[in-house]
Amino acid sequence: MKLLLDSTRCQGYGLCQEHAPGLVELDEWGYATVVAVPVPDGGENAARACAEACPNSALQLEK
Ligand code: SF4
């Protein structure tokens, strides 16, 4: 599973990182970067919660 970020949609809310601190990091302005591609074993639920938390649908899961 991969967690993919469309950075053009990211508005820097930071909600994704609360759900998956090991998968996403925020820069100093709150914009996200996915740091774990592919999602490590056992991280699928966190990745799903992370994607669902984004109010701008900037994060998508790919199997
Ligand atoms: S929740 Fe969405 S908009 Fe906010 S930082 Fe994460 S990816 Fe960007």
# chains A, B, ... in the order shown; residues from 1 in each chain; ligands from 1
>>> residues_around(residues="range 7-24 of chain A", least_positions_apart="3", cutoff="7 Å", atoms="only C-alpha atoms", output="short mmCIF file (atom, residue, chain, number, x, y, z; two decimals) with C-alpha atoms, in the first residue's frame")
data_model
loop_
_atom_site.label_atom_id
_atom_site.label_comp_id
_atom_site.auth_asym_id
_atom_site.auth_seq_id
_atom_site.Cartn_x
_atom_site.Cartn_y
_atom_site.Cartn_z
CA TRP A 29 4.36 26.10 7.52
CA GLY A 30 2.37 22.90 8.20
CA TYR A 31 2.50 21.46 4.70
CA ALA A 32 2.79 17.70 4.51
CA THR A 33 5.37 15.35 3.06
CA VAL A 34 4.87 11.59 2.98
CA VAL A 35 8.00 10.05 4.47
CA ALA A 36 7.09 6.35 4.38
CA ALA A 46 -2.86 4.67 10.36
CA ALA A 47 -2.45 5.43 6.67
CA ALA A 49 -6.98 7.36 9.06
CA CYS A 50 -4.40 9.83 7.83
CA ALA A 51 -5.96 10.01 4.36
CA ALA A 53 -8.47 13.09 8.10
CA CYS A 54 -7.44 15.41 5.31
CA ASN A 56 -8.94 18.62 1.23
CA ALA A 58 -4.92 15.60 -0.64
#
>>> residues_around(residues="Leu3 in chain A", least_positions_apart="2", cutoff="7 Å", atoms="only C-alpha atoms", output="list in words")
Met1, Leu5, Val37, Pro38, Val39, Ala47, Leu59, Gln60, Leu61 and Glu62 of chain A
>>> closest_residue(among="A:Pro40, A:Pro55, A:Lys2, A:Asn45", to="ligand 1", atoms="only C-alpha atoms and all ligand atoms")
A:Pro55
>>> atom_distance(atom1="atom 3 (S, counted along the ligand's line) of ligand 1", atom2="CA of Leu26 in chain A")
10.3 Å
>>> select_by_dssp(residues="chain A", states="alpha helix (DSSP H)", output="list in words")
Leu15, Cys16, Gln17, Glu18, His19, Glu44, Asn45, Ala46, Ala47, Arg48, Ala49, Cys50, Ala51, Glu52 and Ala53 of chain A
>>> select_by_dssp(residues="chain A", states="strand (DSSP E or B)", output="list in words")
Lys2, Leu3, Leu4, Leu5, Val24, Glu25, Leu26, Ala32, Thr33, Val34, Leu59, Gln60, Leu61 and Glu62 of chain A
>>> closest_residue(among="A:Arg48, A:Lys63, A:Glu25, A:Gly43", to="ligand 1", atoms="only C-alpha atoms and all ligand atoms")
A:Glu25
